[in-house]
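> File coords02.csv below, CSV, C-alpha atoms:
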```csv
chain,number,residue,atom,x,y,z
B,347,MET,CA,203.1,-6.9,153.8
B,348,GLN,CA,205.6,-6.2,151.1
B,349,SER,CA,207.5,-9.4,151.7
B,350,GLY,CA,204.5,-11.4,150.7
B,351,ILE,CA,204.8,-13.5,153.8
B,352,ASP,CA,201.7,-14.1,155.9
B,353,PRO,CA,202.6,-12.1,159.1
B,354,THR,CA,200.5,-14.5,161.3
B,355,LYS,CA,202.9,-17.3,160.5
B,356,ARG,CA,206.0,-17.7,162.6
B,357,VAL,CA,208.9,-17.4,160.2
B,358,GLY,CA,212.7,-17.5,161.0
B,359,TRP,CA,215.5,-17.0,158.6
B,360,ALA,CA,219.3,-17.7,158.6
B,361,MET,CA,220.8,-15.5,155.9
B,362,VAL,CA,224.0,-17.5,155.6
B,363,GLY,CA,224.8,-16.1,152.1
B,364,VAL,CA,225.8,-12.8,153.7
B,365,TRP,CA,228.3,-14.2,156.2
B,366,ILE,CA,229.3,-17.7,155.1
B,367,GLY,CA,232.9,-16.7,154.2
B,368,LEU,CA,233.5,-15.0,157.6
B,369,LEU,CA,232.0,-17.9,159.5
B,370,LEU,CA,234.3,-20.4,157.8
B,371,ALA,CA,237.3,-18.2,158.3
B,372,GLY,CA,236.6,-17.9,162.0
B,373,CYS,CA,235.3,-21.3,162.9
B,374,ALA,CA,238.4,-22.8,164.5
B,375,ALA,CA,238.2,-23.2,168.2
B,376,SER,CA,240.1,-20.6,170.2
B,377,ASP,CA,241.3,-21.5,173.7
B,378,SER,CA,241.1,-17.8,174.7
B,379,LEU,CA,237.3,-17.9,174.5
B,380,SER,CA,236.0,-18.2,178.1
B,381,THR,CA,232.8,-19.6,179.5
B,382,LEU,CA,232.3,-22.3,176.9
B,383,GLU,CA,229.3,-24.3,178.1
B,384,GLY,CA,227.2,-27.1,176.7
B,385,PRO,CA,226.4,-30.8,177.0
B,386,THR,CA,228.8,-33.0,178.9
B,387,THR,CA,227.6,-36.3,177.5
B,388,PRO,CA,226.4,-37.2,174.0
B,389,ALA,CA,222.7,-37.2,173.3
B,390,ALA,CA,221.2,-40.6,172.5
B,391,TYR,CA,219.2,-41.0,169.3
B,392,GLN,CA,217.7,-43.7,167.1
B,393,THR,CA,218.2,-44.0,163.3
B,394,GLU,CA,215.8,-45.3,160.7
B,395,ASP,CA,215.6,-45.1,156.9
B,396,TRP,CA,213.9,-42.1,155.4
B,397,SER,CA,213.7,-40.7,151.9
B,398,PHE,CA,212.7,-37.6,150.0
B,399,LYS,CA,211.4,-38.4,146.5
B,400,ASP,CA,214.1,-40.8,145.2
B,401,ASN,CA,216.8,-39.5,147.6
B,402,ALA,CA,217.7,-42.0,150.3
B,403,GLY,CA,218.1,-40.5,153.8
B,404,LYS,CA,217.8,-41.1,157.5
B,405,ARG,CA,215.4,-40.1,160.2
B,406,LEU,CA,217.3,-39.3,163.5
B,407,THR,CA,215.0,-39.3,166.6
B,408,SER,CA,216.4,-37.9,169.8
B,409,ALA,CA,214.7,-36.9,173.0
B,410,HIS,CA,213.4,-33.6,171.6
B,411,TYR,CA,214.0,-33.7,167.9
B,412,GLN,CA,213.2,-35.6,164.7
B,413,ILE,CA,215.8,-34.8,162.1
B,414,ASN,CA,215.0,-35.9,158.5
B,415,THR,CA,218.1,-35.7,156.4
B,416,THR,CA,219.5,-36.8,153.0
B,417,VAL,CA,223.1,-36.0,154.2
B,418,MET,CA,224.5,-39.6,154.5
B,419,SER,CA,227.6,-38.8,156.5
B,420,ASP,CA,227.4,-40.6,159.8
B,421,GLU,CA,229.6,-37.9,161.4
B,422,VAL,CA,227.4,-35.0,160.2
B,423,GLN,CA,224.3,-36.9,161.3
B,424,ASP,CA,225.6,-37.4,164.8
B,425,SER,CA,226.9,-33.8,165.0
B,426,VAL,CA,223.6,-32.3,164.0
B,427,VAL,CA,221.8,-34.3,166.7
B,428,GLN,CA,224.4,-33.1,169.3
B,429,VAL,CA,224.0,-29.5,168.2
B,430,MET,CA,220.2,-29.5,168.4
B,431,GLU,CA,220.0,-31.2,171.8
B,432,GLY,CA,222.9,-29.1,173.1
B,433,ALA,CA,221.5,-25.9,171.8
B,434,LEU,CA,218.2,-26.6,173.5
B,435,GLY,CA,220.0,-26.3,176.8
B,436,GLU,CA,221.3,-22.9,175.8
B,437,TYR,CA,217.8,-21.7,174.7
B,438,GLN,CA,216.6,-22.6,178.2
B,439,LYS,CA,219.2,-20.3,179.7
B,440,ILE,CA,217.6,-17.4,177.9
B,441,ALA,CA,214.1,-18.5,178.7
B,442,PRO,CA,214.3,-20.6,181.9
B,443,GLY,CA,211.3,-22.4,183.2
B,444,VAL,CA,209.4,-22.5,180.0
B,445,PRO,CA,207.5,-25.9,179.8
B,446,LEU,CA,208.7,-28.0,176.9
B,447,SER,CA,206.4,-29.8,174.5
B,448,GLN,CA,206.6,-33.6,174.6
B,449,LYS,CA,206.4,-34.0,170.9
B,450,PRO,CA,209.8,-33.9,169.1
B,451,MET,CA,210.4,-30.9,166.9
B,452,GLU,CA,210.9,-31.7,163.2
B,453,CYS,CA,213.9,-30.7,161.2
B,454,PHE,CA,214.8,-31.2,157.5
B,455,LEU,CA,218.4,-31.1,156.4
B,456,PHE,CA,219.0,-31.8,152.7
B,457,SER,CA,222.3,-32.7,151.0
B,458,THR,CA,221.7,-30.3,148.1
B,459,ARG,CA,220.0,-27.0,147.4
B,460,GLY,CA,218.0,-28.7,144.7
B,461,GLN,CA,216.3,-31.1,147.1
B,462,TRP,CA,215.8,-28.2,149.6
B,463,ALA,CA,214.2,-26.1,146.8
B,464,ASP,CA,211.9,-28.9,145.8
B,465,PHE,CA,210.8,-29.4,149.4
B,466,THR,CA,210.3,-25.7,149.8
B,467,ARG,CA,208.1,-25.4,146.7
B,468,GLU,CA,206.0,-28.3,147.8
B,469,HIS,CA,205.5,-27.2,151.4
B,470,THR,CA,205.4,-23.4,151.6
B,471,GLY,CA,202.7,-22.5,149.1
B,472,VAL,CA,202.6,-18.9,147.9
B,473,ASP,CA,205.6,-18.0,150.1
B,474,ALA,CA,208.0,-20.3,148.3
B,475,GLY,CA,209.3,-17.5,146.1
B,476,ILE,CA,210.4,-15.6,149.2
B,477,TYR,CA,212.2,-18.5,150.8
B,478,LEU,CA,213.9,-19.4,147.5
B,479,GLN,CA,215.7,-16.0,147.6
B,480,ILE,CA,217.9,-17.4,150.4
B,481,THR,CA,221.2,-18.2,148.6
B,482,ARG,CA,222.8,-20.3,151.4
B,483,GLY,CA,221.1,-21.1,154.6
B,484,GLY,CA,217.7,-22.1,156.0
B,485,TYR,CA,214.4,-21.0,157.4
B,486,THR,CA,211.9,-21.9,160.0
B,487,ARG,CA,208.2,-22.1,159.2
B,488,ASN,CA,205.8,-22.7,162.0
B,489,ASP,CA,207.7,-25.1,164.2
B,490,TRP,CA,209.9,-26.9,161.8
B,491,TYR,CA,213.1,-25.8,160.1
B,492,VAL,CA,214.5,-26.6,156.6
B,493,ALA,CA,218.1,-26.3,155.6
B,494,TYR,CA,220.6,-27.8,153.3
B,495,PHE,CA,224.3,-28.7,153.7
B,496,VAL,CA,226.7,-25.8,153.3
B,497,GLY,CA,229.7,-27.3,154.9
B,498,GLU,CA,230.0,-28.6,158.5
B,499,ALA,CA,230.6,-25.3,160.4
B,500,ALA,CA,228.0,-23.3,158.6
B,501,THR,CA,225.4,-26.1,158.7
B,502,TYR,CA,225.7,-26.5,162.5
B,503,SER,CA,225.4,-22.7,162.9
B,504,VAL,CA,222.2,-22.6,160.8
B,505,ALA,CA,220.8,-25.5,162.9
B,506,ALA,CA,221.5,-23.8,166.2
B,507,HIS,CA,220.0,-20.5,164.9
B,508,GLU,CA,216.9,-22.1,163.5
B,509,GLY,CA,216.4,-24.2,166.5
B,510,TRP,CA,215.7,-21.1,168.6
B,511,HIS,CA,212.9,-20.2,166.2
B,512,GLN,CA,211.5,-23.7,166.6
B,513,PHE,CA,211.8,-23.5,170.4
B,514,VAL,CA,209.8,-20.3,170.5
B,515,ALA,CA,207.2,-21.4,167.9
B,516,ARG,CA,206.6,-24.7,169.7
B,517,ASN,CA,206.7,-23.5,173.3
B,518,PHE,CA,205.6,-19.9,173.4
B,519,LYS,CA,201.9,-18.8,173.4
B,520,GLY,CA,202.9,-15.3,172.5
B,521,ARG,CA,205.3,-13.9,170.0
B,522,LEU,CA,208.5,-11.9,170.2
B,523,PRO,CA,209.1,-8.9,167.9
B,524,PRO,CA,210.9,-10.4,164.9
B,525,PHE,CA,214.0,-8.3,165.3
B,526,LEU,CA,214.5,-9.6,168.8
B,527,GLU,CA,213.7,-13.2,168.0
B,528,GLU,CA,216.3,-13.0,165.2
B,529,GLY,CA,218.8,-11.4,167.5
B,530,ILE,CA,218.5,-14.1,170.1
B,531,ALA,CA,218.8,-16.8,167.4
B,532,THR,CA,222.1,-15.3,166.3
B,533,MET,CA,223.5,-15.7,169.8
B,534,PHE,CA,223.7,-19.5,169.2
B,535,GLU,CA,225.6,-19.4,165.8
B,536,ASP,CA,229.1,-19.6,167.1
B,537,VAL,CA,229.3,-23.3,167.8
B,538,GLN,CA,232.6,-24.6,169.2
B,539,TRP,CA,233.6,-28.2,169.7
B,540,ARG,CA,235.3,-29.8,172.7
B,541,ASP,CA,235.7,-33.6,172.9
B,542,ASN,CA,233.2,-34.0,170.0
B,543,LEU,CA,230.5,-32.1,171.8
B,544,PRO,CA,229.2,-28.6,170.9
B,545,LYS,CA,229.8,-25.7,173.2
B,546,TRP,CA,228.7,-22.1,173.3
B,547,ASN,CA,229.7,-18.8,174.8
B,548,LEU,CA,226.5,-16.7,174.6
B,549,GLY,CA,228.6,-13.5,174.8
B,550,VAL,CA,230.6,-14.3,171.6
B,551,ASN,CA,229.7,-14.3,167.9
B,552,ARG,CA,232.9,-13.5,166.0
B,553,THR,CA,231.1,-13.4,162.7
B,554,ARG,CA,228.4,-10.9,163.8
B,555,VAL,CA,230.8,-8.7,165.7
B,556,GLN,CA,232.9,-8.2,162.5
B,557,SER,CA,229.7,-7.5,160.6
B,558,LEU,CA,228.7,-5.0,163.2
B,559,ARG,CA,231.9,-3.1,162.9
B,560,ARG,CA,231.6,-3.0,159.1
B,561,SER,CA,228.1,-1.7,159.5
B,562,VAL,CA,229.2,1.1,161.9
B,563,GLU,CA,232.0,2.1,159.6
B,564,GLY,CA,229.9,2.0,156.5
B,565,ASN,CA,227.1,3.9,158.1
B,566,TYR,CA,224.6,1.1,157.4
B,567,LEU,CA,223.0,1.0,160.8
B,568,TYR,CA,219.2,1.2,161.1
B,569,PRO,CA,217.8,3.6,163.7
B,570,LEU,CA,216.5,1.6,166.7
B,571,SER,CA,213.0,3.1,166.1
B,572,GLN,CA,213.1,1.4,162.7
B,573,LEU,CA,215.0,-1.7,163.6
B,574,LEU,CA,212.4,-2.8,166.1
B,575,THR,CA,209.6,-2.7,163.5
B,576,LEU,CA,211.4,-4.9,160.9
B,577,HIS,CA,211.4,-8.6,160.1
B,578,ALA,CA,213.7,-10.5,157.8
B,579,GLY,CA,211.3,-10.4,154.9
B,580,ASN,CA,211.6,-6.6,154.9
B,581,VAL,CA,215.3,-6.7,154.2
B,582,ILE,CA,215.8,-9.8,152.1
B,583,SER,CA,215.7,-7.8,148.8
B,584,GLN,CA,218.1,-5.1,150.1
B,585,SER,CA,221.9,-4.9,149.6
B,586,GLY,CA,224.1,-7.4,151.3
B,587,ALA,CA,225.5,-4.6,153.5
B,588,ARG,CA,222.0,-3.7,154.7
B,589,ILE,CA,221.1,-7.3,155.3
B,590,GLU,CA,224.3,-7.8,157.2
B,591,ALA,CA,223.5,-4.6,159.3
B,592,PHE,CA,220.1,-6.0,160.2
B,593,TYR,CA,221.4,-9.2,161.5
B,594,SER,CA,224.4,-7.8,163.3
B,595,GLN,CA,222.2,-5.1,164.9
B,596,ASP,CA,219.7,-7.7,166.0
B,597,TRP,CA,222.5,-9.7,167.5
B,598,ALA,CA,223.9,-6.6,169.2
B,599,PHE,CA,220.5,-5.8,170.7
B,600,ALA,CA,220.0,-9.3,172.1
B,601,GLU,CA,223.5,-9.1,173.5
B,602,PHE,CA,222.7,-5.7,175.0
B,603,LEU,CA,219.8,-7.3,176.9
B,604,TRP,CA,221.9,-10.3,177.9
B,605,ALA,CA,225.3,-8.8,178.8
B,606,ALA,CA,225.4,-5.0,178.9
B,607,ASP,CA,226.6,-3.5,182.2
B,608,ASP,CA,227.4,-6.9,183.6
B,609,GLY,CA,224.0,-8.3,182.8
B,610,LYS,CA,222.0,-5.2,184.1
B,611,TYR,CA,219.0,-6.1,181.8
B,612,ARG,CA,219.2,-9.9,181.9
B,613,LYS,CA,216.5,-10.2,184.5
B,614,ALA,CA,214.2,-8.0,182.5
B,615,MET,CA,215.0,-10.1,179.4
B,616,ARG,CA,214.1,-13.3,181.1
B,617,GLN,CA,210.9,-11.8,182.4
B,618,LEU,CA,210.0,-10.8,178.9
B,619,MET,CA,210.7,-14.4,177.7
B,620,SER,CA,208.6,-15.9,180.5
B,621,ASP,CA,205.7,-13.5,179.9
B,622,THR,CA,205.8,-14.1,176.2
B,623,ALA,CA,205.8,-17.8,176.7
B,624,ASP,CA,202.7,-17.8,178.9
B,625,GLY,CA,200.9,-15.2,176.8
B,626,SER,CA,200.9,-12.5,179.5
B,627,VAL,CA,203.5,-10.2,177.9
B,628,PHE,CA,202.9,-6.5,178.3
B,629,ASP,CA,201.6,-5.1,175.0
B,630,PRO,CA,198.8,-2.5,174.7
B,631,THR,CA,198.2,-3.6,171.1
B,632,GLY,CA,197.6,-7.3,172.0
B,633,THR,CA,199.7,-8.4,169.1
B,634,LEU,CA,202.4,-10.1,171.2
B,635,LYS,CA,200.1,-12.0,173.5
B,636,ASP,CA,198.9,-14.4,170.9
B,637,LYS,CA,201.2,-15.7,168.1
B,638,GLN,CA,198.2,-16.2,165.8
B,639,MET,CA,197.6,-12.4,165.8
B,640,PRO,CA,198.7,-10.4,162.8
B,641,TRP,CA,202.0,-8.6,163.3
B,642,ASN,CA,201.7,-4.9,164.4
B,643,PRO,CA,205.0,-3.1,164.3
B,644,SER,CA,203.8,-0.5,166.8
B,645,CYS,CA,203.8,-3.1,169.6
B,646,ALA,CA,207.6,-3.3,170.1
B,647,GLN,CA,208.3,0.1,171.5
B,648,PRO,CA,205.8,0.1,174.5
B,649,MET,CA,206.8,-3.5,175.3
B,650,LEU,CA,210.5,-2.6,175.5
B,651,GLU,CA,209.9,0.6,177.4
B,652,HIS,CA,207.9,-1.4,180.0
B,653,TYR,CA,210.3,-4.2,180.6
B,654,LEU,CA,213.5,-2.0,180.6
B,655,GLY,CA,211.9,0.9,182.6
B,656,MET,CA,213.2,3.5,180.2
B,657,SER,CA,212.0,5.5,177.2
B,658,LEU,CA,213.0,4.4,173.8
B,659,ASP,CA,215.4,7.4,173.5
B,660,GLN,CA,217.1,6.2,176.8
B,661,ILE,CA,217.3,2.6,175.6
B,662,ASP,CA,218.7,3.8,172.3
B,663,GLY,CA,221.4,5.8,174.0
B,664,GLU,CA,222.6,2.8,176.1
B,665,TYR,CA,222.3,0.5,173.1
B,666,GLN,CA,224.4,2.8,170.9
B,667,LYS,CA,227.1,2.9,173.5
B,668,PHE,CA,227.0,-0.9,173.7
B,669,ILE,CA,227.3,-1.2,169.9
B,670,ARG,CA,230.5,0.9,169.9
B,671,GLN,CA,231.9,-1.0,172.9
B,672,VAL,CA,231.3,-4.4,171.2
B,673,ALA,CA,232.4,-3.3,167.7
B,674,TYR,CA,235.7,-1.7,169.0
B,675,ASP,CA,236.6,-2.2,172.6
B,676,ASN,CA,235.6,-5.9,172.7
B,677,TYR,CA,236.4,-6.6,169.0
B,678,ALA,CA,239.9,-8.1,169.5
B,679,ALA,CA,238.8,-10.1,172.5
B,680,GLN,CA,236.4,-12.1,170.4
B,681,TRP,CA,239.0,-13.0,167.8
B,682,ASN,CA,242.2,-13.5,169.9
```
Now that the file is in, can you turn its structure into structure tokens?

Amino acid sequence: MQSGIDPTKRVGWAMVGVWIGLLLAGCAASDSLSTLEGPTTPAAYQTEDWSFKDNAGKRLTSAHYQINTTVMSDEVQDSVVQVMEGALGEYQKIAPGVPLSQKPMECFLFSTRGQWADFTREHTGVDAGIYLQITRGGYTRNDWYVAYFVGEAATYSVAAHEGWHQFVARNFKGRLPPFLEEGIATMFEDVQWRDNLPKWNLGVNRTRVQSLRRSVEGNYLYPLSQLLTLHAGNVISQSGARIEAFYSQDWAFAEFLWAADDGKYRKAMRQLMSDTADGSVFDPTGTLKDKQMPWNPSCAQPMLEHYLGMSLDQIDGEYQKFIRQVAYDNYAAQWN
């Protein structure tokens, strides 16, 4: 593939460099946002010393995660644990009933980009050059994610985004089309805080909705027939506007499945998640049934048509209407 990334590996990306300014501008909690849900009590965890090269750090072990970090702020350490454990509950709303692995998922959060880059060079082999193009953010490789501190709000958003990729990599036998996996990951980025606990509204992502509107007005949108064949490695070298369009459209498609027409497609979405998790997903090419199979872009269309019971043209028509609704009719509601 042109990206240089082995398509048999599960790779997730959070391209924070494209949207970091917007995220920080919009991170304050808004009481007008409805249906904020999340943990009601803090997650317990144990702390022990850890280090990377000569950099002192901590290993934070909770029920489902092992977080290795050189960020030495007690507040940030606690918050990252709460975000990961809280986000796991949100992932299970999208994919209910998926059995969880008993082994904690491993995360690496570095205090500087230099440490992150050193780790990336040492652990990602020939793909390191691709990952190092990320200017601010993180990535998931196999079932562990690697990020570095980019301010509290953005760091927690990256963690929640990458955690979805981890959840899928660890617990699914099959694979999701990359554009859909990325789109669902973006649903968890808008982390709100109440009483020192993270909360989410899965219908709201103020950063992505603004990006979507810019993409519509700038005529940067990808045709759905092209979007469903893409992964992040295909767009990382493109302009910031095109990268932004890719992620905002991915988010909009995931939201389309989750929320369009009062959740009309939500049952189909959850069935798709369940079937992918147990390796029985509908896919004439066989690509999506086994996550070790090489990626075949032609698999996405028949899969979507099967689960939604519509032709791609019909899906696209409904999706385009949803995009305009979210980018314009619902735009102010996400920000007020």
> Looking at B:Gly586, B:Gly564, B:Gly509, B:Gly625, which one is nearest to Gln438 of chain B, with distances taken over only C-alpha atoms?
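Smallest separation from Gln438 of chain B among the options: B:Gly509.
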> For Ile530 of chain B, list every protein, DNA or RNA residue within 8 Å, evaluated using all atoms listed in the file, and leave out those in the same chain fewer than 6 positions away; present the list as a ChimeraX atom specification.
/B:510,596-597,600-601
> For each of B:Leu522, B:Ala402, B:Leu567, B:Ala598, take the minimum atom-to-atom distance to Asp629 of chain B, counting all atoms listed in the file, then give the residue where this is smallest.
B:Leu522
> Closest to Thr633 of chain B among B:Arg521, B:Arg552, B:His577, B:Arg559, using all atoms listed in the file?
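Answer, going by the shortest atom-to-atom distance: B:Arg521.
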> Determine the nearest neighbour of Asn642 of chain B from the options B:Thr501, B:Gln666, B:Thr575, B:Gln660, counting only C-alpha atoms.
B:Thr575
> Looking at B:Gln538, B:Gln595, B:Thr387, B:Gln392, which one is nearest to Val672 of chain B, with distances taken over only C-alpha atoms?
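Among B:Gln538, B:Gln595, B:Thr387, B:Gln392, it is B:Gln595 that comes nearest to Val672 of chain B.
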> Please, what distance in Å, to one decimal, runs between atom CA of Val426 of chain B and atom CA of Val496 of chain B?
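That distance, rounded to one decimal, is 12.9 Å.
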> Mind pulling up the distance from atom CA of Trp462 of chain B to atom CA of Val492 of chain B?
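One can read the atom CA of Val492 of chain B to atom CA of Trp462 of chain B distance as 7.3 Å.
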> Counting all atoms listed in the file, which residue out of B:Val504, B:Leu434, B:Leu573, B:Ala409 sits closest to Gln448 of chain B?
B:Ala409
> Between atom CA of Arg588 of chain B and atom CA of Ala463 of chain B, what is the spacing in Å?
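We find that atom CA of Ala463 of chain B and atom CA of Arg588 of chain B lie 25.0 Å from each other.
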> For Pro388 of chain B, list every protein, DNA or RNA residue within 8 Å, evaluated using all atoms listed in the file, and leave out those in the same chain fewer than 3 positions away; present the list as a PyMOL selection string.
chain B and resi 385+428+543
> So which residues are close to (207.6, -10.9, 182.3), meaning at most 12 Å away in the file's coordinates with all atoms listed in the file counted, and can you show them as number ranges by chain?
B: 441-442, 444, 520, 612-629, 635, 649-650, 652-654
> Extract segment 484-496 of chain B from the structure I just pasted (atoms: N, CA and C atoms) and return it as a JSON list (two decimals), in the first residue's frame.

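Output contents, as saved in part.json:
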```
[["chain", "number", "residue", "atom", "x", "y", "z"],
["B", 484, "GLY", "N", -1.48, 10.66, 18.63],
["B", 484, "GLY", "CA", -1.12, 9.31, 19.01],
["B", 484, "GLY", "C", -1.55, 8.31, 17.98],
["B", 485, "TYR", "N", -1.26, 7.08, 18.24],
["B", 485, "TYR", "CA", -1.62, 6.00, 17.33],
["B", 485, "TYR", "C", -1.82, 4.72, 18.14],
["B", 486, "THR", "N", -2.54, 3.78, 17.52],
["B", 486, "THR", "CA", -2.70, 2.45, 18.10],
["B", 486, "THR", "C", -2.09, 1.45, 17.15],
["B", 487, "ARG", "N", -1.29, 0.56, 17.70],
["B", 487, "ARG", "CA", -0.66, -0.49, 16.90],
["B", 487, "ARG", "C", -0.97, -1.82, 17.59],
["B", 488, "ASN", "N", -1.54, -2.73, 16.82],
["B", 488, "ASN", "CA", -2.04, -3.97, 17.42],
["B", 488, "ASN", "C", -3.02, -3.60, 18.55],
["B", 489, "ASP", "N", -2.75, -3.97, 19.80],
["B", 489, "ASP", "CA", -3.72, -3.63, 20.84],
["B", 489, "ASP", "C", -3.10, -2.77, 21.94],
["B", 490, "TRP", "N", -2.13, -1.93, 21.59],
["B", 490, "TRP", "CA", -1.63, -0.95, 22.53],
["B", 490, "TRP", "C", -1.54, 0.42, 21.85],
["B", 491, "TYR", "N", -1.76, 1.46, 22.63],
["B", 491, "TYR", "CA", -1.68, 2.80, 22.05],
["B", 491, "TYR", "C", -0.52, 3.58, 22.65],
["B", 492, "VAL", "N", -0.04, 4.54, 21.86],
["B", 492, "VAL", "CA", 1.13, 5.34, 22.22],
["B", 492, "VAL", "C", 0.80, 6.80, 21.94],
["B", 493, "ALA", "N", 0.96, 7.65, 22.95],
["B", 493, "ALA", "CA", 0.66, 9.07, 22.78],
["B", 493, "ALA", "C", 1.63, 9.88, 23.64],
["B", 494, "TYR", "N", 1.58, 11.18, 23.47],
["B", 494, "TYR", "CA", 2.36, 12.05, 24.36],
["B", 494, "TYR", "C", 1.51, 13.23, 24.76],
["B", 495, "PHE", "N", 1.89, 13.87, 25.85],
["B", 495, "PHE", "CA", 1.06, 14.89, 26.48],
["B", 495, "PHE", "C", 0.98, 16.13, 25.60],
["B", 496, "VAL", "N", -0.26, 16.52, 25.30],
["B", 496, "VAL", "CA", -0.49, 17.70, 24.45],
["B", 496, "VAL", "C", -1.49, 18.63, 25.12]]
```
